[in-house]
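The next block holds one structure in the form of structure tokens; read it before the comments.
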Amino acid sequence: QRAGAKGLVVVSDSELVQIMGIGNMTTPEDPEVGIFVLGVNRHLGELLRNASLAAESHGFEPPAMSVTPYTSSLLNISEGVLIVMAASLVALGAFFSTADLDIHPPGSFSTALAAPEEEVLEVDQWLAVGFCAMGSCFLVVLFFFMQYIIYVIIFCFCCGGASCITQFGAICLNHLVPVLRNKSVNAPVIGPMSHADIIAGVPALILVSCWVILRNTPYGWPFQDIIGAGFLCWMQRTLRLPNIKIATLFLCVMFFFD
């Protein structure tokens, strides 16, 4: 500031931005400090540096930037969108989890969504406790071998997400256009596939491909959320809690797992 600087830009050595924890106001201990301090990621820092060097080499004025303190507002649209998305996901999970009840008339869409009996997994007390134990062990292993296992997780996330989205799309197509249930091909490893499976697999592969390409950018979250919602709805569709006692035990175990 004494040298004439108007501000300080702190460039991170990675894509993670170091959050400035001192706040936006000048402290009473430093009443004369009037410049801003801004933290940016490595990519943005390199862009600013290259622009400054290019302007200097061509004899132009250095790049100019304006900075204003961030102030939160009660009319934040993004928070409203998050609330709507969260409530919609809860409602969607409840819809899928009750698809196998007898209250739905035969031939309805809810009946079509119900999982076949051989796909349903009934949760007992040992499965609830075992889920917490296995999940905790996996998190410990993930902590020490994150740099290697992350690629396995990405591969499983893509395969599982594509499978869930494809099966949901095929169920909808089979309900709306019954003629698409006819067998089309017998794919290796996968097995027999209907016309509906092939048609639904196209948007599922596009969705997963978009997430793989954009996962490290600000535009990857919608694809990740859609795939994650497909996973959650598939679990709600296949897991069955036989009574309130098992449900209470499962929720308590998940509390300690979290």
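Here's how to read the names in the structure tokens: chain A, B, ... by the order shown, residue numbers from 1 in each chain, ligand numbers from 1 in the order shown.
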Worksheet item: If we count only C-alpha atoms, what is near Ile198 of chain A at a cut-off of 9 Å, once residues fewer than 4 positions away on the same chain are taken out, given as a PyMOL selection string?
Response: chain A and resi 166+170+184+193-194+202
Go ahead and write the selection's residues with C-alpha atoms as a compact mmCIF listing (two decimals), in the first residue's frame.
```txt
# COMPACT_ATOMS: atom_id res chain seq x y z
CA THR A 166 -30.80 -46.41 -19.05
CA ALA A 170 -36.33 -48.09 -20.71
CA SER A 184 -33.23 -56.29 -30.35
CA MET A 193 -31.25 -55.80 -24.87
CA SER A 194 -34.60 -54.50 -26.08
CA VAL A 202 -28.08 -42.99 -25.90
```
Contacts between segment 242-249 of chain A and segment 85-197 of chain A, please, where a residue of segment 85-197 of chain A counts if it comes within 8 Å (with only C-alpha atoms); show its shortest atom pair and distance in Å to one decimal, rows by chain and ascending number, as CSV.
```
residue,atom,partner,partner_atom,distance
A:Glu122,CA,A:Pro242,CA,6.9
A:Val123,CA,A:Pro242,CA,7.2
A:Asp124,CA,A:Ile246,CA,6.3
A:Gln125,CA,A:Ile246,CA,6.1
A:Ala128,CA,A:Leu249,CA,7.2
```
Selection from above, N, CA and C atoms, as a compact mmCIF listing (two decimals), in the first residue's frame, can you write it?
```
# COMPACT_ATOMS: atom_id res chain seq x y z
N GLU A 122 -34.26 -56.91 0.99
CA GLU A 122 -34.88 -56.58 2.27
C GLU A 122 -33.80 -56.35 3.33
N VAL A 123 -33.85 -55.21 3.97
CA VAL A 123 -32.83 -54.82 4.94
C VAL A 123 -33.19 -55.40 6.30
N ASP A 124 -32.23 -56.11 6.91
CA ASP A 124 -32.40 -56.59 8.28
C ASP A 124 -31.39 -55.88 9.18
N GLN A 125 -31.37 -56.24 10.46
CA GLN A 125 -30.51 -55.54 11.40
C GLN A 125 -29.02 -55.76 11.11
N ALA A 128 -27.97 -53.56 8.16
CA ALA A 128 -27.85 -52.16 8.55
C ALA A 128 -26.53 -51.89 9.26
```
Worksheet item: Quick one: of A:Ile227, A:Glu15, A:Cys158, A:Ser97, who's nearest to Asn41 of chain A, counting only C-alpha atoms?
Response: A:Glu15
Worksheet item: If you run DSSP on this backbone, which residues of segment 151-227 of chain A come out as strand (DSSP E), and could you give them as a PyMOL selection string?
Response: chain A and resi 183-187+191-194
Worksheet item: Closest to Leu239 of chain A among A:Val90, A:Ile226, A:Val120, A:Leu101, using only C-alpha atoms?
Response: A:Val120
Worksheet item: In Å, with one decimal, what is the gap from atom CA of Phe96 of chain A to atom CA of Lys183 of chain A?
Response: 26.0 Å
Discussion item. Can you pull out the residues contacting Val11 of chain A? Cut-off 8 Å, using only C-alpha atoms, and skip same-chain residues under 3 positions away; I want them as a VMD selection string.
Written reply: chain A and resid 39 to 42 45
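Taking atom CA of Ala162 of chain A as the reference point, atom CA of Glu118 of chain A is found at 21.3 Å.
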Discussion item. Given only C-alpha atoms as the basis, pick out the residue of A:Trp221, A:Ala99, A:Ile77, A:Leu48 nearest to Pro63 of chain A.
Written reply: A:Leu48
